[in-house]
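Quick look at start-v5.cif (mmCIF, C-alpha atoms and all ligand atoms):
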data_entry
#
loop_
_atom_site.label_atom_id
_atom_site.label_comp_id
_atom_site.auth_asym_id
_atom_site.auth_seq_id
_atom_site.Cartn_x
_atom_site.Cartn_y
_atom_site.Cartn_z
CA MET A 26 105.68 101.88 98.12
CA THR A 27 102.02 102.80 98.33
CA ILE A 28 101.40 106.36 97.18
CA SER A 29 98.66 108.38 98.83
CA SER A 30 98.66 111.16 96.21
CA SER A 31 96.12 111.43 93.47
CA ALA A 32 98.07 111.73 90.28
CA ILE A 33 95.36 110.80 87.81
CA PHE A 34 95.60 109.91 84.12
CA THR A 35 93.44 112.03 81.87
CA GLY A 36 94.93 111.71 78.38
CA PHE A 37 96.43 108.96 76.22
CA GLY A 38 98.11 108.97 72.83
CA SER A 39 100.49 106.99 70.67
CA GLN A 40 102.29 107.27 67.36
CA LEU A 41 103.74 104.49 65.23
CA PRO A 42 105.73 104.94 62.03
CA GLU A 43 103.90 103.84 58.87
CA LYS A 44 106.73 101.63 57.61
CA ARG A 45 106.41 97.95 58.51
CA LEU A 46 109.28 95.46 58.75
CA THR A 47 107.86 91.93 58.57
CA ASN A 48 109.48 88.65 59.56
CA ASP A 49 109.70 87.77 55.87
CA ASP A 50 111.57 91.04 55.25
CA LEU A 51 114.02 90.10 58.02
CA SER A 52 114.50 86.61 56.63
CA LYS A 53 115.95 88.27 53.49
CA MET A 54 118.45 90.17 55.66
CA VAL A 55 119.60 87.47 58.14
CA ASP A 56 119.33 83.69 58.49
CA THR A 57 115.92 83.46 60.16
CA SER A 58 112.30 82.66 59.33
CA ASP A 59 108.80 83.86 60.08
CA GLU A 60 108.09 80.53 61.79
CA TRP A 61 111.11 80.79 64.15
CA ILE A 62 110.38 84.39 65.12
CA VAL A 63 106.65 83.85 65.71
CA GLN A 64 107.23 80.70 67.72
CA ARG A 65 110.03 82.14 69.92
CA THR A 66 108.73 85.71 70.36
CA GLY A 67 105.16 86.15 69.05
CA ILE A 68 106.37 89.03 66.84
CA ARG A 69 105.06 89.23 63.26
CA GLU A 70 106.11 92.73 62.28
CA ARG A 71 107.48 95.93 63.76
CA ARG A 72 107.35 99.61 62.73
CA ILE A 73 110.46 101.42 61.54
CA ALA A 74 111.03 105.19 61.52
CA CYS A 75 111.66 106.61 58.07
CA ASP A 76 114.06 109.45 57.20
CA GLY A 77 112.93 112.52 59.08
CA GLU A 78 111.12 110.53 61.75
CA THR A 79 112.98 110.67 65.06
CA THR A 80 112.39 109.94 68.73
CA ALA A 81 111.26 113.55 69.22
CA THR A 82 108.89 113.65 66.22
CA LEU A 83 107.21 110.41 67.32
CA GLY A 84 107.10 111.62 70.94
CA THR A 85 105.64 114.97 69.89
CA ALA A 86 102.85 113.34 67.85
CA ALA A 87 101.99 110.99 70.75
CA ALA A 88 102.02 113.94 73.18
CA GLN A 89 99.71 115.99 70.93
CA LYS A 90 97.18 113.14 70.90
CA ALA A 91 97.43 112.73 74.69
CA LEU A 92 96.85 116.47 75.19
CA GLN A 93 93.86 116.37 72.87
CA SER A 94 92.36 113.41 74.70
CA ALA A 95 92.85 115.22 78.05
CA GLY A 96 91.30 118.39 76.64
CA LEU A 97 94.42 120.40 77.54
CA ALA A 98 96.60 122.80 75.58
CA PRO A 99 100.42 122.78 75.70
CA LYS A 100 100.32 125.93 77.88
CA ASP A 101 98.55 123.91 80.62
CA ILE A 102 101.54 121.55 80.99
CA ASP A 103 104.24 122.37 83.53
CA LEU A 104 106.45 119.27 83.23
CA ILE A 105 107.58 116.99 80.37
CA ILE A 106 109.43 113.75 81.10
CA CYS A 107 110.52 111.60 78.17
CA ALA A 108 111.68 108.06 78.90
CA THR A 109 114.01 106.85 76.16
CA ILE A 110 117.23 104.98 75.41
CA THR A 111 117.36 106.42 71.89
CA PRO A 112 117.43 110.16 72.60
CA GLU A 113 117.30 112.75 69.85
CA MET A 114 120.92 113.67 70.70
CA VAL A 115 123.24 113.20 73.69
CA PHE A 116 121.94 116.66 74.62
CA PRO A 117 119.69 118.70 74.51
CA SER A 118 117.19 116.21 75.86
CA THR A 119 114.45 114.73 73.70
CA ALA A 120 111.94 116.28 76.13
CA CYS A 121 113.35 119.74 75.28
CA PHE A 122 112.86 119.08 71.56
CA ILE A 123 109.31 117.86 72.20
CA GLY A 124 108.55 120.94 74.32
CA ALA A 125 109.82 123.23 71.56
CA ALA A 126 107.82 121.37 68.90
CA LEU A 127 104.68 121.80 71.03
CA GLY A 128 105.36 125.54 71.32
CA MET A 129 106.28 125.47 75.00
CA ALA A 130 108.93 127.87 76.26
CA GLY A 131 109.85 127.71 79.93
CA THR A 132 108.23 124.36 80.77
CA ALA A 133 110.46 121.97 82.76
CA ALA A 134 111.61 119.11 80.54
CA PHE A 135 114.03 116.23 80.95
CA ASP A 136 114.78 112.72 79.72
CA LEU A 137 114.91 109.62 81.86
CA ASN A 138 116.85 106.46 81.02
CA ALA A 139 115.80 103.26 82.74
CA ALA A 140 115.71 101.26 79.49
CA CYS A 141 112.53 99.20 79.09
CA SER A 142 111.41 100.15 82.62
CA GLY A 143 111.76 103.84 81.73
CA PHE A 144 108.08 104.70 81.34
CA LEU A 145 107.18 103.32 84.78
CA TYR A 146 110.13 105.24 86.28
CA ALA A 147 108.89 108.40 84.53
CA MET A 148 105.36 107.88 85.87
CA GLY A 149 106.76 107.48 89.39
CA ALA A 150 108.88 110.61 89.00
CA ALA A 151 105.96 112.68 87.66
CA ALA A 152 103.76 111.50 90.55
CA GLY A 153 106.45 112.77 92.95
CA PHE A 154 106.44 116.22 91.29
CA ILE A 155 102.64 116.31 91.45
CA LYS A 156 102.51 115.15 95.07
CA THR A 157 104.99 117.77 96.29
CA GLY A 158 103.01 120.45 94.50
CA GLN A 159 105.86 121.30 92.12
CA CYS A 160 103.68 120.58 89.14
CA ARG A 161 99.98 120.23 88.30
CA ASN A 162 99.89 118.75 84.82
CA ALA A 163 102.64 116.52 83.45
CA LEU A 164 103.23 114.98 80.03
CA VAL A 165 104.86 111.59 80.49
CA ILE A 166 106.21 110.12 77.27
CA GLY A 167 107.96 106.92 76.23
CA ALA A 168 109.54 107.29 72.78
CA GLU A 169 112.07 105.18 70.91
CA THR A 170 113.73 104.73 67.54
CA LEU A 171 115.41 101.43 68.40
CA SER A 172 115.96 100.71 64.70
CA ARG A 173 118.77 103.30 64.87
CA ILE A 174 120.74 101.20 67.41
CA THR A 175 119.76 97.74 66.09
CA ASP A 176 122.33 95.59 64.31
CA TYR A 177 120.51 94.20 61.25
CA GLN A 178 123.33 91.68 60.82
CA ASP A 179 122.64 90.09 64.24
CA ARG A 180 119.71 87.69 63.93
CA SER A 181 119.49 87.13 67.69
CA SER A 182 118.57 90.77 68.38
CA CYS A 183 117.33 92.45 65.17
CA ILE A 184 114.11 90.42 65.17
CA LEU A 185 113.04 91.90 68.51
CA PHE A 186 112.90 95.66 68.19
CA GLY A 187 110.69 98.36 66.69
CA ASP A 188 110.03 102.11 66.86
CA GLY A 189 107.15 104.11 68.32
CA ALA A 190 105.98 106.44 71.05
CA GLY A 191 103.22 106.68 73.63
CA ALA A 192 102.24 109.45 76.03
CA VAL A 193 99.94 110.12 78.95
CA VAL A 194 98.80 113.28 80.71
CA MET A 195 99.07 113.06 84.50
CA GLN A 196 97.17 115.63 86.56
CA ARG A 197 96.73 116.43 90.22
CA GLY A 198 93.34 115.03 91.22
CA SER A 199 91.19 115.36 94.30
CA ASP A 200 90.21 111.69 94.67
CA ALA A 201 93.05 109.92 96.55
CA GLY A 202 91.69 106.49 95.58
CA ARG A 203 92.31 107.05 91.86
CA GLY A 204 95.35 107.40 89.63
CA LEU A 205 98.76 105.98 90.47
CA ILE A 206 98.15 104.15 93.74
CA TYR A 207 101.30 102.02 93.83
CA SER A 208 104.75 102.14 92.29
CA THR A 209 107.94 100.12 92.76
CA LEU A 210 111.22 100.89 91.03
CA HIS A 211 114.31 98.67 91.17
CA ALA A 212 117.77 98.46 89.61
CA ASP A 213 120.89 96.31 89.86
CA GLY A 214 123.83 97.63 87.87
CA ASN A 215 125.68 94.35 88.38
CA GLY A 216 123.57 93.04 85.51
CA ALA A 217 124.76 95.73 83.08
CA ASP A 218 126.28 93.21 80.68
CA ALA A 219 122.98 91.45 79.95
CA MET A 220 121.81 94.28 77.67
CA LYS A 221 123.84 97.25 76.63
CA CYS A 222 124.68 99.77 73.95
CA ILE A 223 128.15 101.03 74.78
CA PRO A 224 129.06 104.28 72.99
CA GLY A 225 129.49 106.95 75.65
CA SER A 226 132.01 108.18 78.18
CA ARG A 227 133.66 104.78 78.69
CA PHE A 228 133.71 103.95 75.00
CA PRO A 229 133.62 107.13 72.90
CA ILE A 230 132.67 106.55 69.27
CA SER A 231 135.80 105.55 67.35
CA ALA A 232 136.69 103.81 64.10
CA GLN A 233 137.31 100.63 66.12
CA ILE A 234 133.88 100.78 67.77
CA LEU A 235 132.28 101.11 64.33
CA ALA A 236 134.44 98.37 62.81
CA ASP A 237 133.35 96.01 65.61
CA ARG A 238 129.66 97.07 65.18
CA GLN A 239 129.65 98.08 68.86
CA GLN A 240 127.49 101.12 68.21
CA TYR A 241 124.52 98.75 68.30
CA MET A 242 122.64 97.05 71.15
CA GLN A 243 124.06 93.82 72.48
CA ILE A 244 121.63 91.45 74.17
CA LYS A 245 122.14 88.18 76.04
CA GLY A 246 118.65 86.93 75.17
CA ARG A 247 118.63 83.80 77.30
CA GLU A 248 119.71 85.68 80.46
CA VAL A 249 117.15 88.41 79.86
CA TYR A 250 114.46 85.83 79.24
CA LYS A 251 115.01 84.14 82.64
CA PHE A 252 115.25 87.49 84.43
CA ALA A 253 112.03 88.77 82.83
CA VAL A 254 109.96 85.64 83.60
CA THR A 255 111.00 85.70 87.27
CA LYS A 256 110.46 89.43 87.73
CA PHE A 257 107.11 89.41 85.88
CA GLU A 258 105.61 87.00 88.40
CA GLU A 259 107.27 88.54 91.48
CA LEU A 260 106.19 92.07 90.59
CA ILE A 261 102.57 91.15 89.94
CA GLU A 262 102.20 89.03 93.08
CA GLU A 263 103.80 91.80 95.14
CA ALA A 264 101.56 94.49 93.60
CA MET A 265 98.37 92.48 94.20
CA ARG A 266 99.42 91.73 97.79
CA ASN A 267 100.39 95.33 98.63
CA CYS A 268 97.25 96.80 97.03
CA GLN A 269 95.03 94.02 98.44
CA LEU A 270 93.77 93.16 94.98
CA SER A 271 92.34 89.72 94.28
CA LYS A 272 92.88 88.13 90.86
CA ASP A 273 89.29 89.01 89.92
CA GLN A 274 89.81 92.65 90.83
CA VAL A 275 92.66 93.09 88.34
CA LYS A 276 90.97 94.31 85.16
CA LEU A 277 94.07 94.26 82.99
CA ILE A 278 97.80 93.67 83.14
CA ILE A 279 99.77 95.88 80.76
CA PRO A 280 103.27 94.43 80.62
CA HIS A 281 106.32 95.68 78.80
CA GLN A 282 106.07 93.88 75.44
CA VAL A 283 109.21 91.79 75.85
CA ASN A 284 108.26 88.42 74.36
CA ARG A 285 104.86 86.71 73.94
CA ARG A 286 106.22 83.49 75.46
CA ILE A 287 107.44 85.32 78.58
CA ILE A 288 104.04 86.99 79.03
CA ASP A 289 102.06 83.77 78.45
CA SER A 290 104.22 81.66 80.75
CA ALA A 291 104.09 84.24 83.56
CA MET A 292 100.29 84.56 83.26
CA GLU A 293 99.93 80.77 83.43
CA LYS A 294 102.14 80.52 86.52
CA LEU A 295 100.14 83.30 88.16
CA GLY A 296 96.90 81.43 87.41
CA LEU A 297 95.54 84.34 85.38
CA PRO A 298 93.79 83.95 82.00
CA PRO A 299 96.09 84.88 79.10
CA ASP A 300 93.68 87.52 77.78
CA ARG A 301 93.96 89.44 81.07
CA ALA A 302 97.32 90.68 79.73
CA PHE A 303 97.24 93.26 76.96
CA VAL A 304 99.54 92.13 74.15
CA ASN A 305 100.38 93.93 70.91
CA ILE A 306 103.93 92.62 70.44
CA ASP A 307 102.80 90.78 67.28
CA ARG A 308 102.41 94.17 65.52
CA TYR A 309 105.13 96.33 67.06
CA GLY A 310 107.83 94.09 68.59
CA ASN A 311 109.65 95.45 71.62
CA THR A 312 109.66 99.26 71.65
CA SER A 313 111.43 99.57 75.03
CA ALA A 314 110.20 102.62 77.00
CA ALA A 315 107.41 103.21 74.46
CA SER A 316 105.83 99.78 74.75
CA ILE A 317 103.68 100.35 77.86
CA PRO A 318 102.20 103.74 76.88
CA ILE A 319 101.46 102.47 73.33
CA ALA A 320 99.68 99.40 74.78
CA TRP A 321 97.86 101.57 77.35
CA ASP A 322 96.57 103.90 74.63
CA GLU A 323 95.38 100.94 72.54
CA ALA A 324 93.66 99.30 75.54
CA HIS A 325 91.98 102.61 76.33
CA GLN A 326 90.86 103.11 72.72
CA ALA A 327 89.57 99.53 72.54
CA GLY A 328 87.28 100.30 75.50
CA ARG A 329 88.99 97.74 77.74
CA LEU A 330 89.39 100.22 80.61
CA GLN A 331 86.61 102.02 82.47
CA LYS A 332 86.72 104.49 85.34
CA GLY A 333 87.65 102.71 88.58
CA ASP A 334 89.29 99.68 86.88
CA ALA A 335 92.54 98.44 88.46
CA VAL A 336 95.45 97.99 86.04
CA ILE A 337 98.85 96.50 86.87
CA PHE A 338 101.92 97.49 84.86
CA VAL A 339 105.21 95.58 84.91
CA ALA A 340 108.48 96.22 83.13
CA PHE A 341 112.06 94.94 83.10
CA GLY A 342 115.08 95.80 81.03
CA GLY A 343 118.60 97.11 80.71
CA GLY A 344 120.37 98.18 83.87
CA LEU A 345 119.17 95.77 84.97
CA THR A 346 116.00 97.60 85.94
CA TRP A 347 112.54 96.39 86.86
CA ALA A 348 109.42 98.21 87.98
CA SER A 349 105.70 97.92 88.57
CA ALA A 350 102.74 100.21 89.06
CA VAL A 351 99.07 99.94 89.91
CA VAL A 352 96.67 102.50 88.48
CA LYS A 353 93.00 102.96 89.31
CA MET A 354 91.56 104.45 86.14
C1 LIG B 401 116.04 86.48 72.02
C2 LIG B 401 115.15 85.27 72.22
C3 LIG B 401 113.91 85.39 71.35
C4 LIG B 401 115.92 84.03 71.79
O1 LIG B 401 115.12 82.88 71.98
P1 LIG B 401 115.72 81.60 72.71
O2 LIG B 401 114.68 80.59 72.71
O3 LIG B 401 116.26 82.07 74.04
O4 LIG B 401 116.87 81.19 71.71
P2 LIG B 401 118.44 81.02 71.98
O5 LIG B 401 119.08 82.38 72.13
O6 LIG B 401 118.67 80.05 73.09
O7 LIG B 401 118.89 80.41 70.62
C5 LIG B 401 118.44 79.12 70.19
C6 LIG B 401 118.97 78.83 68.81
O8 LIG B 401 118.31 79.68 67.86
C7 LIG B 401 119.27 80.39 67.09
N1 LIG B 401 118.72 81.68 66.75
C8 LIG B 401 118.88 82.87 67.41
N2 LIG B 401 118.20 83.83 66.78
C9 LIG B 401 117.61 83.26 65.70
C10 LIG B 401 116.79 83.73 64.68
N3 LIG B 401 116.41 85.04 64.61
N4 LIG B 401 116.36 82.88 63.73
C11 LIG B 401 116.68 81.59 63.78
N5 LIG B 401 117.49 81.07 64.72
C12 LIG B 401 117.94 81.89 65.68
C13 LIG B 401 120.48 80.47 67.97
O9 LIG B 401 121.65 80.66 67.18
C14 LIG B 401 120.46 79.14 68.65
O10 LIG B 401 121.02 78.17 67.79
P3 LIG B 401 121.95 77.00 68.38
O11 LIG B 401 121.08 76.23 69.33
O12 LIG B 401 122.32 76.25 67.14
O13 LIG B 401 123.08 77.69 69.07
C15 LIG B 401 114.73 85.13 73.71
O14 LIG B 401 115.82 84.72 74.50
C16 LIG B 401 114.19 86.44 74.27
O15 LIG B 401 113.12 86.87 73.91
N6 LIG B 401 114.93 87.03 75.22
C17 LIG B 401 114.53 88.27 75.85
C18 LIG B 401 114.39 89.41 74.89
C19 LIG B 401 115.25 90.56 75.18
O16 LIG B 401 116.39 90.43 75.47
N7 LIG B 401 114.66 91.75 75.12
C20 LIG B 401 115.35 92.95 75.29
C21 LIG B 401 115.23 93.55 76.62
S1 LIG B 401 113.66 93.72 77.34
#

Please express what this file holds, its structure, as structure tokens.
Amino acid sequence: MTISSSAIFTGFGSQLPEKRLTNDDLSKMVDTSDEWIVQRTGIRERRIACDGETTATLGTAAAQKALQSAGLAPKDIDLIICATITPEMVFPSTACFIGAALGMAGTAAFDLNAACSGFLYAMGAAAGFIKTGQCRNALVIGAETLSRITDYQDRSSCILFGDGAGAVVMQRGSDAGRGLIYSTLHADGNGADAMKCIPGSRFPISAQILADRQQYMQIKGREVYKFAVTKFEELIEEAMRNCQLSKDQVKLIIPHQVNRRIIDSAMEKLGLPPDRAFVNIDRYGNTSAASIPIAWDEAHQAGRLQKGDAVIFVAFGGGLTWASAVVKM
């Protein structure tokens, strides 16, 4: 739907763990090679949280940078949403831990799980709170420690994932033509088997679950690949049509960093130059809900976005979920 509110973006931040896990490192752990991984995914290395680094510590550091770049203090924030599939604990929410670490007491805070589409869902939710007047300034965070649910004995999935966090500050603005101008959110639970991590109410942690290594993510890569290519193109065409944006008017596409081949092939089919998509998957792999806000912060820092530029975001992931957004900077 087209949104007539002006939820504008005033701050950006990201945090990546220092520790790098390269393709050569992985080839000592499973039967794979740098050549195979680069050719099939575009990934060269990913960042891995060390002891003491968690989803909340990464999210807090990203949020602090976003606040600083917006020129706001924690006391100015009245809502925290953290998109994640690797929460600090089952409960309290990661957002509560981040709020406490930032010294906030009394600020609304909750987590949102829409897998790799989570950050775009969180942006849509925050825009709703801002539009109804329930909040003025929101911290929207995507934070993950996927290494904690990755099976490093499964070569088909362990090559894909990394850890990190990104955050934005969303504020009520007066210019209705700026900020989040379009958002679509979709889900189809019939596709749940394509990507999942099962411990929970249906499968409580047990000795059998651990013996079968079912505490880790399970991915049907081929299925996800086809789904992501199709959705990538559909979502971008739909967003350009609904926002009446020509190809030339799209300054940048910031996609969920799913696979370099998926991004390149979708851009080619759309007739858009490959460098119109922002890609950092070579350095970080797939960081699920964190991938878009990390890429957004890097694009912003690299000076690739100026006031008034139109940016399209697309994401797809577990659920199945898929989502898009258009932002006028
Ligand atoms: C995972 C992914 C990179 C696999 O690439 P692919 O081209 O689809 O490869 P396939 O799964 O068809 O496997 C091809 C062969 O490579 C092998 N292979 C799988 N992983 C490998 C690895 N890390 N190293 C070397 N060989 C590997 C397979 O065993 C298979 O061998 P076979 O033909 O002898 O059976 C790709 O499907 C993908 O990126 N999918 C989407 C990513 C995803 O699920 N993201 C998470 C949610 S957003």

As AutoDock Vina command-line options, please report the centre and edge lengths, rounded to one decimal in Å, of the axis-aligned box that holds all listed atoms of ligand LIG 401 (chain B) with 5 Å of padding on each of the six sides.
--center_x 118.1 --center_y 85.0 --center_z 70.5 --size_x 20.0 --size_y 27.5 --size_z 23.6

For this session: Kindly work out which residues sit at most 9 Å from ligand LIG 401 (chain B), using only C-alpha atoms and all ligand atoms, and give the list as a ChimeraX atom specification.
Result: /A:51-52,55-62,64-66,140-142,179-186,219-220,243-253,281-287,311-313,340-343

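With CA of Lys90 (chain A) on one side and CA of Ile106 (chain A) on the other, the separation reads 16.0 Å.
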
Problem set entry | Exercise: Asp101 (chain A) partners within 12 Å, all atoms listed in the file, chain neighbours under 3 positions left out, as a PyMOL selection string | chain A and resi 92-93+95-98+104-105+127-132+160-164+194-196

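Counting only C-alpha atoms, the residue from A:Met292, A:Ile279, A:Val193, A:Glu262 that sits nearest to Asn305 (chain A) is A:Ile279.
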
Seminar exercise, completed: Restricting to all atoms listed in the file, whichever of A:Trp347, A:Phe338, A:Phe154, A:Phe116 is closest to Ile261 (chain A) is A:Phe338

For this session: Work out how far apart CA of Ala139 (chain A) and CA of Ala315 (chain A) are and give it in Å to one decimal.
Result: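 Answer for the CA of Ala139 (chain A) to CA of Ala315 (chain A) separation: 11.8 Å.
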
For this session: Find the residue from A:Glu258, A:Glu113, A:Ala125, A:Gln274 that sits nearest to Gly296 (chain A); use only C-alpha atoms when measuring.
Result: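 Of A:Glu258, A:Glu113, A:Ala125, A:Gln274, the one nearest Gly296 (chain A) is A:Glu258, counting only C-alpha atoms.
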
Exercise. What separation in Å, quoted to one decimal, exists between CA of Ala126 (chain A) and CA of Gly187 (chain A)?
Worked result: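 That distance, rounded to one decimal, is 23.3 Å.
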
For this session: Counting only C-alpha atoms, figure out which residue out of A:Ser39, A:Gln331, A:Thr255, A:Thr111 gets nearest to Val165 (chain A).
Result: A:Ser39
